>>> print(open('coords04.txt').read())   # compact mmCIF, C-alpha atoms
# COMPACT_ATOMS: atom_id res chain seq x y z
CA MET A 1415 75.14 204.34 20.44
CA SER A 1416 77.26 207.48 19.98
CA ILE A 1417 77.56 206.64 16.25
CA ILE A 1418 73.78 206.43 15.87
CA LEU A 1419 73.41 209.68 17.84
CA ILE A 1420 75.75 211.55 15.48
CA ARG A 1421 74.21 209.97 12.37
CA THR A 1422 70.74 210.95 13.55
CA ILE A 1423 71.85 214.56 14.10
CA VAL A 1424 73.49 214.77 10.66
CA VAL A 1425 70.47 213.30 8.83
CA PHE A 1426 68.07 215.50 10.80
CA VAL A 1427 69.97 218.68 9.90
CA ALA A 1428 70.21 217.63 6.24
CA LEU A 1429 66.47 216.89 6.04
CA LEU A 1430 65.56 220.12 7.80
CA LEU A 1431 67.63 222.11 5.31
CA ILE A 1432 66.07 220.32 2.35
CA MET A 1433 62.53 220.83 3.68
CA ARG A 1434 63.21 224.53 4.21
CA LEU A 1435 64.59 224.84 0.69
CA MET A 1436 61.50 223.11 -0.72
CA GLY A 1437 59.22 225.70 0.86
CA LYS A 1438 55.94 225.66 2.78
CA ARG A 1439 53.99 223.91 0.03
CA GLN A 1440 55.81 220.71 0.86
CA ILE A 1441 54.21 220.72 4.29
CA GLY A 1442 50.77 222.04 3.33
CA GLU A 1443 48.83 221.19 0.19
CA MET A 1444 50.83 218.82 -1.97
CA GLN A 1445 51.06 218.08 -5.66
CA PRO A 1446 51.38 214.36 -6.49
CA TYR A 1447 55.14 214.52 -7.11
CA GLU A 1448 55.59 216.38 -3.85
CA LEU A 1449 53.74 213.65 -2.00
CA VAL A 1450 55.95 211.04 -3.69
CA ILE A 1451 59.06 212.94 -2.61
CA THR A 1452 57.76 213.22 0.94
CA LEU A 1453 57.12 209.50 1.07
CA ILE A 1454 60.54 208.64 -0.36
CA ILE A 1455 62.50 211.06 1.75
CA ALA A 1456 61.30 209.52 5.02
CA ASP A 1457 62.78 206.14 4.08
CA LEU A 1458 65.96 207.66 2.70
CA ALA A 1459 66.57 209.32 6.03
CA CYS A 1460 65.76 206.31 8.18
CA ILE A 1461 67.80 203.55 6.53
CA PRO A 1462 71.32 205.05 6.79
CA MET A 1463 70.41 206.56 10.15
CA GLU A 1464 69.56 203.26 11.85
CA ASP A 1465 71.87 200.90 9.95
CA PRO A 1466 75.50 201.48 10.92
CA SER A 1467 76.76 199.12 8.18
CA THR A 1468 75.60 201.58 5.50
CA PRO A 1469 77.77 204.67 4.93
CA LEU A 1470 75.91 207.83 5.89
CA LEU A 1471 77.02 209.32 2.59
CA TYR A 1472 74.62 206.96 0.80
CA GLY A 1473 71.66 208.58 2.56
CA LEU A 1474 72.96 212.12 2.03
CA VAL A 1475 73.57 211.50 -1.69
CA ALA A 1476 70.06 210.06 -2.05
CA ILE A 1477 68.54 213.07 -0.25
CA LEU A 1478 70.50 215.48 -2.44
CA THR A 1479 69.30 213.54 -5.49
CA VAL A 1480 65.70 213.86 -4.32
CA TYR A 1481 66.21 217.60 -3.86
CA PHE A 1482 67.65 217.86 -7.37
CA LEU A 1483 64.63 215.94 -8.72
CA HIS A 1484 62.20 218.15 -6.81
CA GLN A 1485 63.75 221.36 -8.14
CA THR A 1486 63.86 219.99 -11.71
CA VAL A 1487 60.22 218.88 -11.58
CA CYS A 1488 59.24 222.28 -10.11
CA LEU A 1489 61.01 224.08 -12.95
CA ILE A 1490 59.34 221.90 -15.60
CA ASP A 1491 55.99 222.33 -13.84
CA LEU A 1492 56.27 226.12 -13.91
CA SER A 1493 57.67 226.40 -17.45
CA PHE A 1494 55.53 224.01 -19.52
CA SER A 1495 51.74 223.81 -19.13
CA SER A 1496 51.52 220.41 -20.88
CA ALA A 1497 54.14 219.02 -18.52
CA ARG A 1498 52.25 220.50 -15.58
CA LYS A 1499 49.14 218.60 -16.66
CA PHE A 1500 51.17 215.39 -16.72
CA LEU A 1501 53.02 215.98 -13.48
CA SER A 1502 50.33 217.55 -11.35
CA GLY A 1503 47.12 216.55 -13.15
CA SER A 1504 44.24 218.93 -13.88
CA PRO A 1505 40.93 219.72 -12.14
CA SER A 1506 38.00 217.41 -13.00
CA ILE A 1507 34.53 218.94 -13.29
CA VAL A 1508 32.38 216.11 -11.98
CA LEU A 1509 29.10 218.00 -11.74
CA ASN A 1510 27.92 220.61 -14.22
CA LYS A 1511 24.68 222.17 -15.42
CA ASN A 1512 23.63 218.85 -16.98
CA GLY A 1513 24.19 216.99 -13.74
CA VAL A 1514 26.77 214.40 -12.74
CA ASP A 1515 29.53 213.75 -15.26
CA ASP A 1516 29.97 209.99 -15.01
CA THR A 1517 32.98 209.94 -17.34
CA GLN A 1518 34.94 212.35 -15.15
CA LEU A 1519 34.02 210.38 -12.04
CA LYS A 1520 35.24 207.12 -13.58
CA LYS A 1521 38.47 208.82 -14.71
CA ASN A 1522 39.15 209.63 -11.09
CA ASN A 1523 38.08 206.20 -9.80
CA LEU A 1524 35.09 207.69 -8.03
CA ASP A 1525 31.34 207.02 -8.05
CA VAL A 1526 28.24 209.05 -7.28
CA THR A 1527 28.38 208.10 -3.60
CA ASP A 1528 31.88 209.63 -3.33
CA LEU A 1529 30.61 212.79 -5.01
CA ILE A 1530 27.61 213.05 -2.65
CA GLU A 1531 29.95 212.53 0.30
CA SER A 1532 32.28 215.31 -0.93
CA LEU A 1533 29.28 217.60 -1.44
CA ARG A 1534 28.06 216.94 2.08
CA SER A 1535 31.54 217.69 3.46
CA ALA A 1536 31.44 220.99 1.58
CA GLY A 1537 28.02 221.80 3.08
CA TYR A 1538 25.78 220.92 0.11
CA PHE A 1539 23.33 218.11 0.76
CA SER A 1540 21.51 217.93 -2.53
CA LEU A 1541 22.95 217.25 -5.99
CA ASP A 1542 20.81 220.06 -7.45
CA SER A 1543 22.07 222.67 -4.98
CA VAL A 1544 25.30 223.32 -6.91
CA GLU A 1545 26.01 224.58 -10.43
CA TYR A 1546 29.47 223.06 -10.63
CA ALA A 1547 31.54 220.73 -8.53
CA LEU A 1548 35.12 219.76 -9.19
CA TYR A 1549 38.05 217.88 -7.79
CA GLU A 1550 41.21 219.99 -7.91
CA ALA A 1551 44.52 218.54 -9.14
CA GLY A 1552 45.67 218.20 -5.53
CA GLY A 1553 42.54 216.17 -4.64
CA SER A 1554 40.62 218.87 -2.77
CA PHE A 1555 36.94 219.43 -3.55
CA SER A 1556 35.35 222.72 -4.71
CA ALA A 1557 31.73 223.54 -5.52
CA LEU A 1558 29.87 226.58 -6.88
CA PRO A 1559 26.44 226.72 -5.23
CA LYS A 1560 23.24 227.79 -7.00
CA LYS A 1561 21.43 230.95 -5.95
CA ASN A 1562 19.26 230.27 -2.87
CA TYR A 1563 20.70 226.77 -2.62
CA GLU A 1564 19.69 226.60 1.05
CA GLN A 1565 16.03 226.39 -0.04
CA LYS A 1566 16.82 223.30 -2.12
CA GLN A 1567 18.10 221.28 0.82
CA ASN A 1568 15.35 221.05 3.38
CA SER A 1569 15.78 217.37 4.02
CA LEU A 1570 18.61 214.85 3.72
CA PRO A 1571 18.53 213.14 0.30
CA ILE A 1572 19.38 209.45 0.19
CA VAL A 1573 20.56 207.40 -2.79
CA ILE A 1574 18.00 204.95 -4.15
CA ILE A 1575 19.78 203.98 -7.37
CA ASN A 1576 23.52 204.31 -7.87
CA GLY A 1577 25.04 203.25 -11.19
CA GLY A 1578 21.95 201.28 -12.19
CA LYS A 1579 21.70 199.36 -8.92
CA PHE A 1580 19.07 199.73 -6.20
CA ASP A 1581 20.31 200.39 -2.69
CA MET A 1582 17.83 198.12 -0.93
CA LYS A 1583 18.72 199.41 2.54
CA ASN A 1584 17.81 202.96 1.49
CA VAL A 1585 14.73 201.75 -0.37
CA THR A 1586 13.49 200.21 2.88
CA LEU A 1587 14.37 203.39 4.79
CA THR A 1588 11.95 205.36 2.64
CA GLY A 1589 9.14 202.93 3.51
CA LYS A 1590 8.65 202.00 -0.14
CA ASP A 1591 9.68 199.01 -2.20
CA GLU A 1592 11.62 198.46 -5.43
CA GLN A 1593 8.40 198.16 -7.41
CA TYR A 1594 7.32 201.64 -6.30
CA TYR A 1595 10.55 203.18 -7.63
CA ARG A 1596 10.29 201.18 -10.86
CA SER A 1597 6.88 202.72 -11.40
CA VAL A 1598 8.29 206.20 -10.61
CA LEU A 1599 10.99 205.63 -13.24
CA ALA A 1600 8.42 204.39 -15.73
CA ALA A 1601 6.38 207.53 -15.15
CA GLN A 1602 9.51 209.55 -15.99
CA GLY A 1603 9.97 207.61 -19.23
CA CYS A 1604 12.75 205.36 -17.97
CA SER A 1605 11.79 201.70 -18.14
CA ASN A 1606 15.20 200.24 -17.35
CA PRO A 1607 16.73 201.10 -13.93
CA LYS A 1608 20.13 199.98 -15.24
CA ARG A 1609 20.18 203.13 -17.37
CA VAL A 1610 19.87 205.32 -14.28
CA LEU A 1611 23.09 206.92 -13.13
CA VAL A 1612 21.62 208.25 -9.92
CA LEU A 1613 18.24 208.57 -8.22
CA THR A 1614 18.02 210.31 -4.87
CA VAL A 1615 14.97 211.18 -2.82
CA ASP A 1616 14.59 213.36 0.23
CA GLY A 1617 12.09 213.38 3.07
CA GLU A 1618 10.04 216.12 1.42
CA GLY A 1619 9.44 213.92 -1.62
CA LYS A 1620 11.89 215.65 -3.95
CA ALA A 1621 13.57 213.25 -6.36
CA TYR A 1622 16.75 213.84 -8.36
CA LEU A 1623 16.98 211.55 -11.37
CA GLN A 1624 19.74 211.36 -13.93
CA GLU A 1625 19.90 208.77 -16.66
CA LYS A 1626 23.31 207.86 -18.12
CA GLY A 1627 24.29 210.40 -20.79
CA LYS A 1628 21.25 212.62 -20.15
CA LYS A 1629 20.48 215.81 -18.25
CA TYR A 1630 19.18 215.45 -14.72
CA ARG A 1631 15.55 216.01 -13.70
CA VAL A 1632 14.09 217.11 -10.39
CA PHE A 1633 10.47 216.20 -9.63
CA GLU A 1634 8.12 215.71 -6.73
CA LEU A 1635 7.01 212.28 -5.53
CA GLY A 1636 4.04 213.64 -3.65
CA TRP A 1637 4.99 212.84 -0.08
CA GLU A 1638 6.00 215.22 2.67
CA GLY A 1639 7.81 215.05 5.96
CA LEU A 1640 8.79 211.38 5.81
CA TRP A 1641 12.13 212.15 7.54
CA MET B 1451 63.01 230.82 -11.40
CA ILE B 1452 66.71 231.82 -11.40
CA ARG B 1453 67.09 230.50 -7.87
CA THR B 1454 65.58 227.17 -8.96
CA ILE B 1455 67.89 226.90 -11.98
CA VAL B 1456 70.91 227.75 -9.82
CA SER B 1457 69.90 225.15 -7.23
CA ILE B 1458 69.47 222.53 -9.98
CA VAL B 1459 72.89 223.31 -11.47
CA ILE B 1460 74.60 223.25 -8.07
CA SER B 1461 72.97 220.02 -6.91
CA LEU B 1462 73.63 218.36 -10.27
CA ALA B 1463 77.27 219.50 -10.22
CA LEU B 1464 77.66 218.17 -6.66
CA LEU B 1465 76.12 214.84 -7.57
CA ILE B 1466 78.06 214.35 -10.81
CA GLY B 1467 81.29 215.62 -9.25
CA GLY B 1468 80.78 213.33 -6.26
CA CYS B 1469 80.07 210.32 -8.47
CA LEU B 1470 83.13 210.94 -10.65
CA TRP B 1471 85.38 211.48 -7.65
CA GLU B 1472 84.04 208.39 -5.89
CA GLY B 1473 84.49 206.23 -9.00
CA ALA B 1474 88.03 207.47 -9.58
CA TYR B 1475 88.97 207.21 -5.91
CA ILE B 1476 87.79 203.62 -5.54
CA GLU B 1477 89.30 202.58 -8.89
CA ASN B 1478 92.73 204.17 -8.23
CA ASN B 1479 93.08 203.04 -4.65
CA PHE B 1480 91.95 199.49 -5.27
CA ALA B 1481 94.25 199.26 -8.29
CA LEU B 1482 97.09 200.44 -6.05
CA LEU B 1483 96.10 197.99 -3.30
CA ALA B 1484 95.90 195.16 -5.84
CA SER B 1485 99.39 195.99 -7.18
CA THR B 1486 100.93 196.06 -3.67
CA ILE B 1487 99.28 192.74 -2.80
CA GLN B 1488 100.45 191.32 -6.16
CA THR B 1489 104.04 192.36 -5.37
CA LEU B 1490 103.77 190.78 -1.92
CA TYR B 1491 102.27 187.64 -3.50
CA GLU B 1492 105.18 187.32 -5.94
CA LYS B 1493 107.73 187.81 -3.15
CA THR B 1494 105.90 185.26 -0.98
CA GLU B 1495 105.87 182.82 -3.88
CA ASP B 1496 109.67 183.29 -4.26
CA GLY B 1497 110.12 182.96 -0.51
CA THR B 1498 111.72 186.42 -0.27
CA ALA B 1499 108.87 188.28 1.46
CA THR B 1500 109.90 189.97 4.71
CA HIS B 1501 108.11 191.31 7.76
CA GLU B 1502 108.65 194.86 6.40
CA ASP B 1503 106.97 193.97 3.10
CA GLY B 1504 103.91 192.82 5.00
CA GLU B 1505 103.92 195.96 7.15
CA ALA B 1506 104.12 198.17 4.06
CA VAL B 1507 100.92 196.64 2.69
CA GLU B 1508 99.27 196.91 6.11
CA VAL B 1509 100.18 200.59 6.51
CA PHE B 1510 98.99 201.35 2.99
CA TRP B 1511 95.60 199.71 3.67
CA GLN B 1512 95.21 201.35 7.10
CA THR B 1513 95.69 204.84 5.61
CA LYS B 1514 93.16 204.18 2.83
CA LYS B 1515 90.66 202.37 5.04
CA GLN B 1516 89.33 205.47 6.79
CA LYS B 1517 88.17 207.11 3.56
CA MET B 1518 86.93 203.79 2.19
CA HIS B 1519 84.48 203.60 5.11
CA LEU B 1520 82.86 206.79 3.78
CA LEU B 1521 82.34 205.30 0.34
CA LEU B 1522 81.86 201.55 0.73
CA PRO B 1523 79.54 199.48 2.91
CA HIS B 1524 81.46 198.78 6.08
CA VAL B 1525 81.05 195.02 5.55
CA ALA B 1526 83.15 195.19 2.34
CA VAL B 1527 85.96 197.03 4.15
CA GLN B 1528 85.81 194.58 7.06
CA GLN B 1529 86.10 191.63 4.68
CA ILE B 1530 89.31 192.99 3.18
CA ASP B 1531 90.56 193.74 6.70
CA PHE B 1532 89.87 190.17 7.77
CA GLU B 1533 91.55 188.52 4.78
CA LEU B 1534 94.58 190.85 4.95
CA ASN B 1535 95.08 190.16 8.65
CA GLU B 1536 94.96 186.42 8.04
CA ALA B 1537 97.42 186.63 5.12
CA LEU B 1538 99.85 188.83 7.08
CA GLY B 1539 99.50 186.60 10.13
CA TYR B 1540 100.72 183.60 8.12
CA LEU B 1541 103.45 185.73 6.51
CA TYR B 1542 104.78 186.97 9.86
CA GLN B 1543 104.90 183.36 11.06
CA GLY B 1544 106.89 182.42 7.95
CA ASN B 1545 104.05 180.16 6.79
CA PHE B 1546 104.23 181.19 3.11
CA GLN B 1547 102.19 178.23 1.82
CA ASP B 1548 99.10 179.26 3.82
CA ALA B 1549 99.64 182.98 3.15
CA LEU B 1550 99.46 182.56 -0.64
CA PRO B 1551 95.80 181.41 -0.87
CA LYS B 1552 94.79 184.26 1.42
CA MET B 1553 96.55 186.75 -0.85
CA GLU B 1554 94.77 185.24 -3.85
CA VAL B 1555 91.45 185.81 -2.08
CA LEU B 1556 92.53 189.42 -1.40
CA LEU B 1557 93.40 189.99 -5.06
CA GLN B 1558 90.01 188.59 -6.01
CA LEU B 1559 88.29 190.80 -3.44
CA THR B 1560 89.93 193.99 -4.74
CA GLU B 1561 88.60 193.13 -8.20
CA VAL B 1562 85.10 192.28 -6.94
CA VAL B 1563 84.79 195.47 -4.85
CA ARG B 1564 85.90 197.62 -7.81
CA GLN B 1565 83.34 195.94 -10.04
CA ASN B 1566 80.56 196.19 -7.47
CA TYR B 1567 80.81 199.95 -7.13
CA THR B 1568 81.26 200.96 -10.73
CA LEU B 1569 78.30 202.21 -12.78
CA GLY B 1570 76.73 199.38 -14.76
CA TRP B 1571 73.38 197.74 -15.47
CA GLY B 1572 74.13 194.83 -13.20
CA ASN B 1573 74.95 197.09 -10.26
CA VAL B 1574 72.14 199.59 -10.85
CA PHE B 1575 69.36 196.99 -11.08
>>> encode(input="coords04.txt", output="structure tokens")
Amino acid sequence: MSIILIRTIVVFVALLLIMRLMGKRQIGEMQPYELVITLIIADLACIPMEDPSTPLLYGLVAILTVYFLHQTVCLIDLSFSSARKFLSGSPSIVLNKNGVDDTQLKKNNLDVTDLIESLRSAGYFSLDSVEYALYEAGGSFSALPKKNYEQKQNSLPIVIINGGKFDMKNVTLTGKDEQYYRSVLAAQGCSNPKRVLVLTVDGEGKAYLQEKGKKYRVFELGWEGLW
Amino acid sequence: MIRTIVSIVISLALLIGGCLWEGAYIENNFALLASTIQTLYEKTEDGTATHEDGEAVEVFWQTKKQKMHLLLPHVAVQQIDFELNEALGYLYQGNFQDALPKMEVLLQLTEVVRQNYTLGWGNVF
């Protein structure tokens, strides 16, 4: 027991020193390599600490190696912009003046529902209430709202078509059927729902339609106060 | 920036220095241990090995063992300890025939341990 006690103290002090040397960023917002280091370092500390058959030096050498790697990656990250893009990634603009950028969403393994969820978390409930929306390299979400965006979000929009597929639960929620929305699409010059990237409607009858590879359109469906 | 470069150089120097020292320390001490066991083996084979010869090997191993625990998994050190005690036990009893195979195992072990902790593809992966 006394051996484990001493080993725990030694590893704790070593880790504390390393964390302090790495700076506050290691604890707060993390770059991908920093997250990797954080994940690795926990195991490196635990194994030699709890297993008396492993020399403690093994753990200390591994921790020092991780510190060396962290400092080297930091130096490369600060010195070379191309390396930074590789190591830390770059922001992805997923919504611009033309609407949702499907390619950027796919690159980040996201879909329109994820984007709408991120927008809601940021306080924007309608896709047309922001000029730009992007995912930062660290994974956080940022959006630039349009002027008077509050006026564009009077009611909660719900997704009717996502990636060419009807969300039947939401279709029912609006009190309409699939045929109704097919006719709405036809009226907008879109005969094939599979070509629709996203169609949302809100309780005031405002629809947001974007076909794949085209600019979005906002139009009225002619109902009011449904929810 | 300068602080980062300095920290990289220092940590790299510590790691490389440590690796070189560890490699040399294990290699030298196990070579020395193997040669003392070899001498004892030859004397045992001739029937001229004495209690003092056995003690000399034991003292040599005991002095090196403490530092070896820092560098090698404790199981590897314990295995050498076990085999050496058995070999010396037979030797002290004058049972040379049973001591010889134990010494052969010890010689093999010193070789295996040296190989296991040297840098190589087989050991890295």
>>> residues_around(input="coords04.txt", residues="Leu1490 of chain B", least_positions_apart="6", cutoff="12 Å", atoms="all atoms listed in the file", output="PyMOL selection string")
chain B and resi 1483-1484+1496-1508+1534+1537-1538+1541+1546+1549-1550+1552-1554+1556-1557
>>> interface_residues(input="coords04.txt", of="chain A", to="chain B", cutoff="9 Å", atoms="only C-alpha atoms", output="VMD selection string")
chain A and resid 1466 to 1472 1475 1478 to 1479 1481 to 1483 1485 to 1486 1488 to 1489 1492
>>> residues_around(input="coords04.txt", residues="Ala1481 of chain B", least_positions_apart="4", cutoff="10 Å", atoms="only C-alpha atoms", output="list in words")
Tyr1475, Ile1476, Glu1477, Ser1485, Thr1486, Ile1487, Leu1557, Thr1560, Glu1561 and Arg1564 of chain B
>>> atom_distance(input="coords04.txt", atom1="atom CA of Leu1541 of chain A", atom2="atom CA of Tyr1622 of chain A")
7.5 Å
>>> atom_distance(input="coords04.txt", atom1="atom CA of Gly1473 of chain A", atom2="atom CA of Val1424 of chain A")
10.4 Å
>>> atom_distance(input="coords04.txt", atom1="atom CA of Asn1523 of chain A", atom2="atom CA of Val1585 of chain A")
25.6 Å
>>> closest_residue(input="coords04.txt", among="A:Ser1554, A:Ser1495, A:Asn1510, A:Asn1562", to="Gln1445 of chain A", atoms="only C-alpha atoms")
A:Ser1554
>>> residues_around(input="coords04.txt", residues="Ala1547 of chain A", least_positions_apart="6", cutoff="6 Å", atoms="all atoms listed in the file", output="CSV table (one decimal) with C-alpha atoms, in the coordinates of the input")
chain,number,residue,atom,x,y,z
A,1507,ILE,CA,34.5,218.9,-13.3
A,1508,VAL,CA,32.4,216.1,-12.0
A,1509,LEU,CA,29.1,218.0,-11.7
A,1556,SER,CA,35.4,222.7,-4.7
A,1557,ALA,CA,31.7,223.5,-5.5
>>> decode(input="coords04.txt", residues="segment 1454-1533 of chain A", atoms="C-alpha atoms", output="compact mmCIF listing (two decimals), in the first residue's frame")
# COMPACT_ATOMS: atom_id res chain seq x y z
CA ILE A 1454 -3.51 9.54 -23.68
CA ILE A 1455 -2.04 11.17 -20.62
CA ALA A 1456 -4.78 9.85 -18.33
CA ASP A 1457 -3.92 6.24 -19.21
CA LEU A 1458 -0.19 6.86 -19.04
CA ALA A 1459 -0.59 8.07 -15.50
CA CYS A 1460 -2.89 5.31 -14.33
CA ILE A 1461 -1.10 2.17 -15.56
CA PRO A 1462 2.27 2.57 -13.76
CA MET A 1463 0.48 4.08 -10.78
CA GLU A 1464 -1.75 1.08 -10.09
CA ASP A 1465 0.48 -1.73 -11.37
CA PRO A 1466 3.44 -2.29 -9.05
CA SER A 1467 5.08 -4.75 -11.48
CA THR A 1468 5.72 -1.90 -13.95
CA PRO A 1469 8.62 0.45 -13.15
CA LEU A 1470 7.36 3.95 -12.43
CA LEU A 1471 10.03 5.25 -14.79
CA TYR A 1472 8.05 3.79 -17.71
CA GLY A 1473 5.13 6.09 -16.92
CA LEU A 1474 7.35 9.12 -16.33
CA VAL A 1475 9.22 8.58 -19.61
CA ALA A 1476 5.92 8.24 -21.47
CA ILE A 1477 4.59 11.45 -19.89
CA LEU A 1478 7.79 13.32 -20.77
CA THR A 1479 7.47 11.98 -24.32
CA VAL A 1480 3.90 13.26 -24.52
CA TYR A 1481 5.08 16.66 -23.29
CA PHE A 1482 7.82 16.70 -25.92
CA LEU A 1483 5.23 15.82 -28.59
CA HIS A 1484 2.86 18.52 -27.37
CA GLN A 1485 5.54 21.21 -27.48
CA THR A 1486 6.73 20.08 -30.93
CA VAL A 1487 3.20 20.07 -32.34
CA CYS A 1488 2.57 23.52 -30.79
CA LEU A 1489 5.71 24.89 -32.43
CA ILE A 1490 4.77 23.44 -35.83
CA ASP A 1491 1.20 24.72 -35.39
CA LEU A 1492 2.40 28.26 -34.72
CA SER A 1493 5.13 28.33 -37.39
CA PHE A 1494 3.49 26.79 -40.47
CA SER A 1495 -0.06 27.67 -41.55
CA SER A 1496 -0.39 24.59 -43.80
CA ALA A 1497 0.65 22.36 -40.90
CA ARG A 1498 -1.84 24.16 -38.67
CA LYS A 1499 -4.62 23.31 -41.13
CA PHE A 1500 -3.59 19.66 -40.96
CA LEU A 1501 -3.11 19.49 -37.22
CA SER A 1502 -5.95 21.65 -36.01
CA GLY A 1503 -8.31 21.73 -39.00
CA SER A 1504 -9.98 24.88 -40.33
CA PRO A 1505 -13.41 26.49 -39.83
CA SER A 1506 -16.22 25.18 -42.08
CA ILE A 1507 -18.80 27.66 -43.37
CA VAL A 1508 -21.90 25.50 -43.44
CA LEU A 1509 -24.44 28.24 -44.12
CA ASN A 1510 -23.85 31.22 -46.38
CA LYS A 1511 -25.85 33.72 -48.41
CA ASN A 1512 -26.96 30.94 -50.78
CA GLY A 1513 -28.22 28.82 -47.93
CA VAL A 1514 -26.97 25.54 -46.50
CA ASP A 1515 -23.68 24.27 -47.89
CA ASP A 1516 -24.31 20.53 -48.12
CA THR A 1517 -20.73 19.75 -49.16
CA GLN A 1518 -19.29 21.35 -46.03
CA LEU A 1519 -21.83 19.56 -43.85
CA LYS A 1520 -20.92 16.18 -45.35
CA LYS A 1521 -17.20 16.94 -44.92
CA ASN A 1522 -17.86 17.31 -41.22
CA ASN A 1523 -20.15 14.26 -41.01
CA LEU A 1524 -23.15 16.45 -40.24
CA ASP A 1525 -26.61 16.89 -41.75
CA VAL A 1526 -29.17 19.69 -41.86
CA THR A 1527 -30.74 18.52 -38.59
CA ASP A 1528 -27.39 18.96 -36.80
CA LEU A 1529 -27.07 22.44 -38.28
CA ILE A 1530 -30.60 23.42 -37.19
CA GLU A 1531 -29.85 22.07 -33.71
CA SER A 1532 -26.62 24.13 -33.51
CA LEU A 1533 -28.50 27.22 -34.70
